[in-house]
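The structure under discussion appears below in the form of structure tokens.
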Amino acid sequence: MDLIAFIFYIFAAITVASGVMVIAARNPVHSVFFLILAFFNSAGLFVLLGAEFVAMILVIVYVGAVAVLFLFVVMMLDINFTELRQGFLQYLPVGALIGLVLFTELVLVVGSWTILPGASTAITAPASAAGTVAISNTHALGQLIYTHYAYPFQVAGLILLVAMIGAIVLTLRQRTGVRRQSIAAQIARTRATAIEVRQVKPGQGI
Amino acid sequence: MAETGVWTAYGLPLAIIVLQIFAILVPILLSVAFLTYFDRKIWAMMALRRGPNVVGPFGLLQPFADALKMLTKETIIPAGANKVVFLLAPMVTMTLSMVAWAVIPFADGWVLANINVGVLYLFAISSLGVYGIIMAGWSSNSKYPFLGGLRSAAQMVSYEVSIGFVIITVLLCVGSLNLSDIVRAQEKVWFAIPLFPMFVVFFISALAETNRPPFDLPEAEAELVAGYQVEYSSMSWGLFMLGEYANMILMSALTTILFLGGWLSPIPFAPFTMLGPFWFILKIVVLLFVFGWVKATVPRYRYDQLMRLGWKVFLPLSLVWVVLTAGVLVTFGWLPTTH
Amino acid sequence: MPSVLLDQIAPAAPEVLLAVGSLVLLMIGAFRGNGATRLVAWLAVALLSLALYVVVDMPGETRVTFSGMFVTDRFGIFMKVLVLIGAIFAIPLSLDFARREGMERFELPVVMTLATVGMLMMISANDLISLYVGLELQSLSLYVLASFKRDSERATEAGLKYFVLGALSSGMLLYGASLIYGFTGSTAFPAIGAMLAQGTGGASIGLVIGIVFLVAGLAFKVSAVPFHMWTPDVYEGAPTPVTAFFAVAPKVAAMALFVRALVTPFGAIAGEWQQIIIFVAIASMVLGSVAAILQTNIKRLMAYSSIGHVGFALVGLAAANVQGVQGILIYMATYVAVNIGTFAVILSMRGPDGMMERIEDLAGLSRTRPLVAFVLAIFMFSLAGIPPMAGFFAKFYVFAAAIDAHLYALSVIGVLASVVGAYYYLRIVKIMYFDEPVVAFEPAPKGFAAVLAVSGVLTLGFVFVASPLVALAATAAKSLIPG
């Protein structure tokens with residue numbers, strides 16, 4: 001068997017299996033761990049595609065930052081699992097129905113799919129050729145994002161700004177009566193303002 | 001016939017790669033062992049003590065005695081612990097500190113995997129380091145480890161942000177994410193000189209990223225009685241220890257590559273430039289000394305101070321520096337030209 | 001070099017101006033604190049007015065920029081003017097309310113401005129990607145605005161509901177967009193249009209499913225049935241000035257996006273999506289009219305009213321011709337004028353115990369406040385579509401377009417729905433004029449009278465401004481559907 005194909009199937013199988021475990025795991029923390037495993041293996045799949053930049057960013061952003069915060073929250077949550085399961089069974093028929101409809105649609109869609117001759121090679125060529133062609137895919141991505149997609153890129157920045165403003169507006173509460181550390185005041189202290197030598201008479205105190 | 005084809009196609013390269021891996025890992029594990037000794041000696045000397053001096057000449061065999069001791073102790077798994085995760089945690093820490101070495105160039109061309117996105121790979125691996133600690137903290141099912149795990153998660157995420165920006169500043173000056181390219185770009189001047197503030201920020205963030213003093217809050221023995229390590233014993237604890245020291249070496253190596261010119265010789269003529277790996281290791285050792293120095297002399301940060309430093313000092317500073325560097329490079333036409 | 005850059009940016013000048021301006025406002029607010037709320041708000045109004053001037057001053061021809069992702073044409077300019085007017089009125093209306101209800105924070109006008117940027121981007125979207133980013137910028141700002149009064153349980157609930165359902169609809173929209181991309185090979189509207197125009201035998205089933213999901217996502221944003229469930233709860237729960245903003249600006253923007261995203265790329269296969277729009281229009285008109293009858297809260301009533309009006313406007317889209325688009329433009333123009341006025345009245349319903357929101361609270365308004373009652377009556381007549389008012393002409397144009405496109409059943413149902421709808425609008429008039437007054441409202445803050453007067457005069461005197469508006473709408477519609 002082709003080595004690349006073999007590795008692909010390993011990554012793909014682990015991704016799918018851990019994807020299933022994300023929903024099936026009884027413990028939510030385990031779910032998050034499986035989610036991380038799934039992210040990690042998808043990064044492996046990206047590497048196989050020759051998209052090493054996306055792969056690394058996936059690990060850095062999703063595994064290194066998003067999932068950590070996610071784990072942080074899940075670990076602190078106090079969830080009643082039996083209650084959750086009951087709800088699950090209650091909504092199972094509806095969920096299954098929607099899933100079935102979507103699945104049928106997908107079958108219809110994929111069944112009717114006609115692919116342009118040569119389209120598949122046209123799609124994979126730039127990525128898989130990254131190692132051989134002089135231009136690396138980081139370079140190629142940069143050239144696209146900052147020229148052709150400059151507009152959505154900038155707007156994405158604005159969206160993140162709004163998200164940040166929103167988070168601050170909706171959650172930040174200025175608590176009063178809290179003594180805060182003032183670094184500047186601490187540094188500004190001198191010997192003269194901090195220490196005072198007094199003559200204390202015995203038996204009297206200050 | 002077919003078998004020999006498979007052998008030459010996959011078997012032989014695989015065997016070579018395995019040998020290369022051993023050629024990197026064995027010295028590193030040895031250095032980790034001696035680093036513990038080195039660290040204790042520095043610490044002792046700064047406190048006007050002798051440090052380990054009983055086992056072997058100058059106490060040099062102390063690390064091996066320690067290893068033997070750890071291996072012969074009992075591995076205790078607390079009854080309430082989540083067994084699988086509990087055992088996985090130290091392995092994760094140890095493995096991550098090892099796999100990162102695949103992309104480190106010891107000299108021109110001396111690298112196991114010379115990948116295009118080497119810096120990102122290292123950044124990704126170092127950002128995964130937090131999982132070992134979180135897993136340990138959570139699976140121990142006990143208060144202090146859990147607090148240690150939470151602290152560690154928040155701390156590492158915070159300092160990664162500024163590390164990311166520092167790396168971006170360096171990348172702006174290099175124009176490549178390949179670690180060997182980054183070193184070669186410093187042939188004229190090491191980046192530690194023009195980017196000195198970023199060098200400092202990076203080194204301090206590296207301290208935080210490796211949970212070394214003064215940022216060792218996840219294990220803060222004074223408040224959390226060793227934090228996430230509380231429930232661990234014998235070799236499962238030893239793996240954490242090894243992982244932490246291996247990470248120190250790794251971060252020193254990364255600092256060397258990004259700011260101190262990697263394998264480049266400070267004396268730029270013939271006999272000295274031949275000694276690439278020597279310079280590389282020397283620079284790492286100097287940085288490791290600073291790690292030990294800091295541990296011996298600086299008091300531990302309080303948690304809010306740690307967060308303040310990360311978010312309110314380093315983040316704005318590194319952001320400003322990114323903009324400044326980019327501005328200077330564009331204004332003077334110094335942008336690196338690749339391809 | 002710089003001139004090339006300027007040429008690139010020029011068509012998006014109002015958006016760039018607003019985006020940069022809102023950052024400046026944010027800085028002012030961040031450094032001056034919440035005490036600067038009024039200053040920031042009035043600066044935001046000035047900024048929006050400046051943007052309005054820039055929009056009006058734009059050359060009318062169709063210009064494309066940012067690699068074809070952004071388009072400005074007469075259709076866009078018309079809609080942008082409406083959105084900006086809505087935003088310009090909504091911000092000052094919020095000031096007094098914010099002060100009294102303890103939500104006076106400088107972020108309110110800033111987020112409103114950023115939401116407006118998103119709306120302008122939606123109107124100018126010429127690509128599935130720019131459609132999505134514009135929409136997200138607007139939606140995210142609106143989620144924040146909905147729960148801006150964060151100590152109120154109703155407002156937080158409204159924001160959360162809006163957010164969860166909005167995220168779901170964004171997901172559907174993206175799913176549809178990815179299918180469309182997969183089956184046409186492009187995300188650019190003109191490219192998709194060209195590809196479908198030269199294609200033979202209509203659309204593939206994958207594309208149709210993609211369009212269905214896209215329409216579902218967009219229908220959510222304009223709150224058309226069956227994706228309207230969030231509307232009454234969000235309108236009721238959100239702080240009233242925010243509701244006023246919701247009812248005016250985003251509706252116009254989402255409607256513009258709806259029209260452009262269907263007409264430009266999928267104009268060639270109108271037959272495939274017309275039936276969906278017809279169904280959505282009928283359902284919205286009927287539900288908007290019937291469900292509103294039972295409401296006792298005036299904000300909920302306005303929510304159902306807006307659902308109904310979206311249905312009427314969609315009749316124009318169902319026609320899928322130039323007259324239809326022209327009808328939508330006129331409809332949205334009158335809708336904005338009337339809704340600003342109506343919400344100004346609702347905002348002035350302040351009794352001794354704070355804001356009043358029940359319809360019965362309006363009882364006897366003709367005696368306590370004859371002028372306000374008169375103006376509100378005009379608005380209600382207009383919303384009901386009674387002849388000399390603006391609403392009548394708006395309905396007239398969309399139904400004329402529908403009949404032009406031989407959609408007789410749709411028109412008949414529409415007219416019937418508007419008759420049913422007239423009942424609850426007229427009920428408000430009846431309550432104001434024939435019921436005994438219960439409480440007297442506190443005097444409305446300064447400036448409300450001006451808003452009411454402008455809005456009232458426009459609604460009542462629509463006949464006099466009708467011909468230039470209709471002509472403008474006609475050229476605007478032609479810029480979208482040439483020929």
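For the structure tokens, the naming scheme is as follows: chains receive sequential letters (A, B, ...) according to their order of presentation, residues are indexed from 1 within each chain, and ligands are indexed from 1 in presentation order.
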Please identify every residue of chain C that has at least one atom no farther than 7 Å from an atom of chain A, counting only C-alpha atoms, and for each give the shortest atom pair and the distance in Å to one decimal, arranged by chain then increasing number, as CSV.
residue,atom,partner,partner_atom,distance
C:Phe66,CA,A:Tyr151,CA,6.2
C:Ser67,CA,A:His148,CA,5.7
C:Ile129,CA,A:Pro152,CA,7.0
C:Ser130,CA,A:Pro152,CA,5.9
C:Val133,CA,A:Pro152,CA,6.3
C:Leu137,CA,A:Ile159,CA,5.0
C:Leu140,CA,A:Ala163,CA,6.9
C:Ser141,CA,A:Val162,CA,6.2
C:Val144,CA,A:Gly166,CA,5.5
C:Phe148,CA,A:Leu170,CA,6.7
C:Arg150,CA,A:Leu170,CA,6.1
C:Ile205,CA,A:Val109,CA,6.3
C:Gly206,CA,A:Val109,CA,4.6
Do you know which residues are at most 9 Å from Leu150 (chain B) counting only C-alpha atoms, after dropping those on the same chain fewer than 5 positions away, and could you put them as JSON, numbers by chain? {"A": [72], "B": [133, 134, 137, 138, 145, 155, 218]}
Where does DSSP see alpha helix (DSSP H) in region 6-201 of chain A, if you list the residues as a ChimeraX atom specification? /A:6-24,28-49,52-57,67-76,81-111,119-128,137-145,150-171,183-188,191-194
Check every residue of chain A for an atom within 12 Å of chain B, counting only C-alpha atoms, and provide those that qualify as a ChimeraX atom specification. /A:1-4,27,29-30,32-34,36-37,40,43,47,50-76,130-140,142,180-183
Excluding region 229-236 of chain B and any residue of its chain fewer than 2 positions from it, enumerate the residues within 7 Å of it, using only C-alpha atoms, and give them as number ranges by chain. B: 70-71, 73-76, 90, 140, 145, 219, 225-227, 238-240
Store the residues of this selection in a file with N, CA and C atoms, as a CSV table (one decimal), in the first residue's frame.
chain,number,residue,atom,x,y,z
B,70,MET,N,14.2,7.2,41.8
B,70,MET,CA,12.8,7.3,41.3
B,70,MET,C,12.2,6.0,40.7
B,71,LEU,N,13.1,5.3,40.0
B,71,LEU,CA,12.7,4.1,39.3
B,71,LEU,C,12.3,3.0,40.2
B,73,LYS,N,11.0,3.4,43.2
B,73,LYS,CA,9.9,3.8,44.1
B,73,LYS,C,8.6,3.3,43.6
B,74,GLU,N,7.5,3.3,44.4
B,74,GLU,CA,6.2,2.8,44.0
B,74,GLU,C,5.5,3.9,43.3
B,75,THR,N,4.8,3.5,42.1
B,75,THR,CA,3.9,4.5,41.5
B,75,THR,C,2.6,4.5,42.2
B,76,ILE,N,2.2,5.5,42.8
B,76,ILE,CA,0.9,5.6,43.5
B,76,ILE,C,-0.1,6.3,42.6
B,90,PRO,N,1.9,12.8,32.5
B,90,PRO,CA,3.3,13.0,32.4
B,90,PRO,C,3.9,12.5,31.1
B,140,SER,N,-6.0,14.3,38.9
B,140,SER,CA,-5.7,13.9,40.3
B,140,SER,C,-6.9,14.0,41.2
B,145,PRO,N,-3.8,20.2,43.1
B,145,PRO,CA,-3.5,20.0,41.7
B,145,PRO,C,-4.4,20.7,40.7
B,219,GLU,N,3.1,25.2,40.4
B,219,GLU,CA,3.5,24.2,41.4
B,219,GLU,C,3.9,24.9,42.7
B,225,VAL,N,1.5,23.5,47.6
B,225,VAL,CA,2.3,22.3,48.0
B,225,VAL,C,2.7,21.5,46.7
B,226,ALA,N,3.2,22.2,45.7
B,226,ALA,CA,3.6,21.6,44.5
B,226,ALA,C,2.6,21.4,43.4
B,227,GLY,N,1.4,22.0,43.6
B,227,GLY,CA,0.4,22.1,42.6
B,227,GLY,C,0.1,20.8,41.9
B,238,GLY,N,8.8,11.7,37.8
B,238,GLY,CA,10.1,11.9,37.2
B,238,GLY,C,9.9,12.4,35.7
B,239,LEU,N,8.9,11.9,35.1
B,239,LEU,CA,8.7,12.4,33.7
B,239,LEU,C,8.3,13.9,33.7
B,240,PHE,N,7.6,14.3,34.6
B,240,PHE,CA,7.3,15.8,34.7
B,240,PHE,C,8.6,16.6,34.8
Residues near Ile204 (chain B), anyone? I mean within 10 Å using only C-alpha atoms, not counting same-chain ones fewer than 4 positions away, as a PyMOL selection string. chain B and resi 159+163+198-200+208-209+212+214-215+291+294+310+314
Test item: residues at most 12 Å from Ile276 (chain C), only C-alpha atoms, excluding those fewer than 3 positions along its chain, as a PDB file with N, CA and C atoms, in the first residue's frame:
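Result written to selection.pdb:
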ATOM      1  N   VAL C 208     -29.763  24.109  -6.072  1.00  0.00           N
ATOM      2  CA  VAL C 208     -31.066  24.513  -5.541  1.00  0.00           C
ATOM      3  C   VAL C 208     -31.077  24.365  -4.017  1.00  0.00           C
ATOM      4  N   ILE C 209     -30.525  23.250  -3.533  1.00  0.00           N
ATOM      5  CA  ILE C 209     -30.472  23.070  -2.078  1.00  0.00           C
ATOM      6  C   ILE C 209     -29.635  24.181  -1.446  1.00  0.00           C
ATOM      7  N   ILE C 211     -29.301  27.203  -2.592  1.00  0.00           N
ATOM      8  CA  ILE C 211     -30.100  28.435  -2.583  1.00  0.00           C
ATOM      9  C   ILE C 211     -31.122  28.380  -1.453  1.00  0.00           C
ATOM     10  N   VAL C 212     -31.723  27.179  -1.242  1.00  0.00           N
ATOM     11  CA  VAL C 212     -32.716  27.061  -0.166  1.00  0.00           C
ATOM     12  C   VAL C 212     -32.091  27.440   1.173  1.00  0.00           C
ATOM     13  N   PHE C 213     -30.883  26.909   1.424  1.00  0.00           N
ATOM     14  CA  PHE C 213     -30.238  27.216   2.705  1.00  0.00           C
ATOM     15  C   PHE C 213     -29.864  28.695   2.792  1.00  0.00           C
ATOM     16  N   LEU C 214     -29.404  29.239   1.680  1.00  0.00           N
ATOM     17  CA  LEU C 214     -29.062  30.660   1.660  1.00  0.00           C
ATOM     18  C   LEU C 214     -30.294  31.499   1.977  1.00  0.00           C
ATOM     19  N   VAL C 215     -31.417  31.137   1.326  1.00  0.00           N
ATOM     20  CA  VAL C 215     -32.654  31.883   1.559  1.00  0.00           C
ATOM     21  C   VAL C 215     -33.099  31.735   3.007  1.00  0.00           C
ATOM     22  N   ALA C 216     -32.938  30.527   3.550  1.00  0.00           N
ATOM     23  CA  ALA C 216     -33.329  30.317   4.941  1.00  0.00           C
ATOM     24  C   ALA C 216     -32.530  31.239   5.854  1.00  0.00           C
ATOM     25  N   ALA C 219     -33.694  34.761   5.282  1.00  0.00           N
ATOM     26  CA  ALA C 219     -35.055  34.963   5.793  1.00  0.00           C
ATOM     27  C   ALA C 219     -35.006  35.177   7.295  1.00  0.00           C
ATOM     28  N   ALA C 224     -38.482  36.714   8.316  1.00  0.00           N
ATOM     29  CA  ALA C 224     -39.647  36.269   7.567  1.00  0.00           C
ATOM     30  C   ALA C 224     -40.048  34.897   8.084  1.00  0.00           C
ATOM     31  N   VAL C 225     -41.342  34.600   8.037  1.00  0.00           N
ATOM     32  CA  VAL C 225     -41.841  33.281   8.443  1.00  0.00           C
ATOM     33  C   VAL C 225     -41.258  32.272   7.465  1.00  0.00           C
ATOM     34  N   PRO C 226     -40.848  31.095   7.846  1.00  0.00           N
ATOM     35  CA  PRO C 226     -40.897  30.447   9.151  1.00  0.00           C
ATOM     36  C   PRO C 226     -39.654  30.665  10.023  1.00  0.00           C
ATOM     37  N   LEU C 262     -30.157  37.337  -4.449  1.00  0.00           N
ATOM     38  CA  LEU C 262     -30.948  36.445  -5.302  1.00  0.00           C
ATOM     39  C   LEU C 262     -30.962  36.925  -6.742  1.00  0.00           C
ATOM     40  N   ALA C 270     -34.582  32.329 -11.972  1.00  0.00           N
ATOM     41  CA  ALA C 270     -35.557  32.873 -11.024  1.00  0.00           C
ATOM     42  C   ALA C 270     -36.657  31.870 -10.721  1.00  0.00           C
ATOM     43  N   GLY C 271     -37.006  31.048 -11.708  1.00  0.00           N
ATOM     44  CA  GLY C 271     -38.074  30.076 -11.504  1.00  0.00           C
ATOM     45  C   GLY C 271     -37.801  29.151 -10.340  1.00  0.00           C
ATOM     46  N   GLU C 272     -36.515  28.897 -10.069  1.00  0.00           N
ATOM     47  CA  GLU C 272     -36.159  27.934  -9.018  1.00  0.00           C
ATOM     48  C   GLU C 272     -36.424  28.498  -7.628  1.00  0.00           C
ATOM     49  N   TRP C 273     -36.207  29.797  -7.452  1.00  0.00           N
ATOM     50  CA  TRP C 273     -36.364  30.311  -6.093  1.00  0.00           C
ATOM     51  C   TRP C 273     -37.630  31.129  -5.892  1.00  0.00           C
ATOM     52  N   PHE C 279     -43.855  31.492  -1.070  1.00  0.00           N
ATOM     53  CA  PHE C 279     -44.323  30.843   0.159  1.00  0.00           C
ATOM     54  C   PHE C 279     -43.962  31.696   1.382  1.00  0.00           C
ATOM     55  N   VAL C 280     -42.709  32.131   1.418  1.00  0.00           N
ATOM     56  CA  VAL C 280     -42.263  32.909   2.578  1.00  0.00           C
ATOM     57  C   VAL C 280     -43.078  34.198   2.701  1.00  0.00           C
ATOM     58  N   ALA C 281     -43.334  34.840   1.554  1.00  0.00           N
ATOM     59  CA  ALA C 281     -44.081  36.099   1.574  1.00  0.00           C
ATOM     60  C   ALA C 281     -45.490  35.873   2.103  1.00  0.00           C
ATOM     61  N   ILE C 282     -46.154  34.834   1.576  1.00  0.00           N
ATOM     62  CA  ILE C 282     -47.535  34.579   2.014  1.00  0.00           C
ATOM     63  C   ILE C 282     -47.556  34.278   3.509  1.00  0.00           C
ATOM     64  N   ALA C 283     -46.669  33.365   3.921  1.00  0.00           N
ATOM     65  CA  ALA C 283     -46.653  32.977   5.331  1.00  0.00           C
ATOM     66  C   ALA C 283     -46.401  34.186   6.214  1.00  0.00           C
ATOM     67  N   LEU C 314     -41.471  41.269   0.386  1.00  0.00           N
ATOM     68  CA  LEU C 314     -40.981  40.107  -0.360  1.00  0.00           C
ATOM     69  C   LEU C 314     -41.858  39.798  -1.569  1.00  0.00           C
ATOM     70  N   VAL C 315     -43.110  40.293  -1.545  1.00  0.00           N
ATOM     71  CA  VAL C 315     -43.958  40.128  -2.724  1.00  0.00           C
ATOM     72  C   VAL C 315     -43.249  40.727  -3.938  1.00  0.00           C
ATOM     73  N   LEU C 317     -40.046  40.946  -4.345  1.00  0.00           N
ATOM     74  CA  LEU C 317     -38.942  40.074  -4.744  1.00  0.00           C
ATOM     75  C   LEU C 317     -39.470  38.856  -5.482  1.00  0.00           C
ATOM     76  N   ALA C 318     -40.645  38.368  -5.046  1.00  0.00           N
ATOM     77  CA  ALA C 318     -41.217  37.209  -5.715  1.00  0.00           C
ATOM     78  C   ALA C 318     -41.497  37.522  -7.171  1.00  0.00           C
ATOM     79  N   ALA C 319     -41.851  38.768  -7.458  1.00  0.00           N
ATOM     80  CA  ALA C 319     -42.110  39.151  -8.836  1.00  0.00           C
ATOM     81  C   ALA C 319     -40.838  39.053  -9.672  1.00  0.00           C
TER      82      ALA C 319
END
I'd like to know which of B:Leu29, B:Leu171, B:Leu254, B:Leu61 is closest to Val103 (chain B), using only C-alpha atoms. B:Leu254
For Arg427 (chain C), which of C:Met79, C:Ile298, C:Leu179, C:Ala247 is the closest residue, counting only C-alpha atoms? C:Ile298
Non-local contacts of region 318-328 of chain B (8 Å; only C-alpha atoms; under 2 positions in same chain excluded) as a PyMOL selection string: chain B and resi 162+165-166+168-169+172+198+201+314-316+330-332+334
Write to file, as an mmCIF file, in the first residue's frame, the residues of the selection just made, with C-alpha atoms.
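Output (again.cif):
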data_model
loop_
_atom_site.group_PDB
_atom_site.id
_atom_site.type_symbol
_atom_site.label_atom_id
_atom_site.label_comp_id
_atom_site.auth_asym_id
_atom_site.auth_seq_id
_atom_site.Cartn_x
_atom_site.Cartn_y
_atom_site.Cartn_z
ATOM 1 C CA SER B 162 3.255 37.858 23.511
ATOM 2 C CA PHE B 165 4.092 38.638 18.576
ATOM 3 C CA VAL B 166 7.793 38.412 19.353
ATOM 4 C CA ILE B 168 6.302 37.738 14.297
ATOM 5 C CA THR B 169 8.801 40.555 14.814
ATOM 6 C CA LEU B 172 9.370 40.250 9.679
ATOM 7 C CA MET B 198 11.833 41.658 22.163
ATOM 8 C CA VAL B 201 10.277 39.838 26.448
ATOM 9 C CA PHE B 314 4.305 42.482 27.297
ATOM 10 C CA LEU B 315 1.325 42.404 24.962
ATOM 11 C CA PRO B 316 1.223 46.167 24.229
ATOM 12 C CA VAL B 330 9.313 49.337 4.954
ATOM 13 C CA THR B 331 10.591 52.898 5.315
ATOM 14 C CA PHE B 332 14.233 51.990 4.767
ATOM 15 C CA TRP B 334 15.080 46.621 4.374
#
Can you tell me, as a ChimeraX atom specification, what residues are no more than 12 Å from Val54 (chain B) when counting only C-alpha atoms, ignoring any on the same chain fewer than 5 positions away? /B:59-63,65
Keeping only all heavy atoms, write the selected residues to a file as an mmCIF file, in the first residue's frame.
data_model
loop_
_atom_site.group_PDB
_atom_site.id
_atom_site.type_symbol
_atom_site.label_atom_id
_atom_site.label_comp_id
_atom_site.auth_asym_id
_atom_site.auth_seq_id
_atom_site.Cartn_x
_atom_site.Cartn_y
_atom_site.Cartn_z
ATOM 1 N N GLY B 59 30.108 15.206 42.890
ATOM 2 C CA GLY B 59 28.685 14.894 42.891
ATOM 3 C C GLY B 59 28.103 14.709 41.501
ATOM 4 O O GLY B 59 26.897 14.759 41.314
ATOM 5 N N LEU B 60 28.984 14.460 40.527
ATOM 6 C CA LEU B 60 28.515 14.396 39.141
ATOM 7 C C LEU B 60 27.553 13.246 38.879
ATOM 8 O O LEU B 60 26.771 13.292 37.930
ATOM 9 C CB LEU B 60 29.715 14.264 38.197
ATOM 10 C CG LEU B 60 30.304 15.584 37.697
ATOM 11 C CD1 LEU B 60 31.574 15.347 36.927
ATOM 12 C CD2 LEU B 60 29.295 16.303 36.819
ATOM 13 N N LEU B 61 27.611 12.220 39.703
ATOM 14 C CA LEU B 61 26.734 11.075 39.453
ATOM 15 C C LEU B 61 25.387 11.222 40.163
ATOM 16 O O LEU B 61 24.548 10.322 40.102
ATOM 17 C CB LEU B 61 27.425 9.775 39.873
ATOM 18 C CG LEU B 61 28.666 9.438 39.040
ATOM 19 C CD1 LEU B 61 29.295 8.162 39.516
ATOM 20 C CD2 LEU B 61 28.305 9.333 37.565
ATOM 21 N N GLN B 62 25.181 12.348 40.801
ATOM 22 C CA GLN B 62 23.945 12.582 41.545
ATOM 23 C C GLN B 62 22.690 12.349 40.688
ATOM 24 O O GLN B 62 21.753 11.677 41.146
ATOM 25 C CB GLN B 62 23.947 14.004 42.106
ATOM 26 C CG GLN B 62 22.741 14.358 42.941
ATOM 27 C CD GLN B 62 22.735 13.604 44.247
ATOM 28 O OE1 GLN B 62 23.764 13.408 44.877
ATOM 29 N NE2 GLN B 62 21.560 13.140 44.652
ATOM 30 N N PRO B 63 22.641 12.894 39.446
ATOM 31 C CA PRO B 63 21.437 12.685 38.641
ATOM 32 C C PRO B 63 21.113 11.212 38.460
ATOM 33 O O PRO B 63 19.943 10.828 38.487
ATOM 34 C CB PRO B 63 21.773 13.320 37.290
ATOM 35 C CG PRO B 63 22.943 14.182 37.516
ATOM 36 C CD PRO B 63 23.621 13.745 38.767
ATOM 37 N N ALA B 65 21.904 8.735 40.453
ATOM 38 C CA ALA B 65 21.394 8.220 41.724
ATOM 39 C C ALA B 65 19.926 8.589 41.888
ATOM 40 O O ALA B 65 19.095 7.764 42.291
ATOM 41 C CB ALA B 65 22.223 8.794 42.868
#
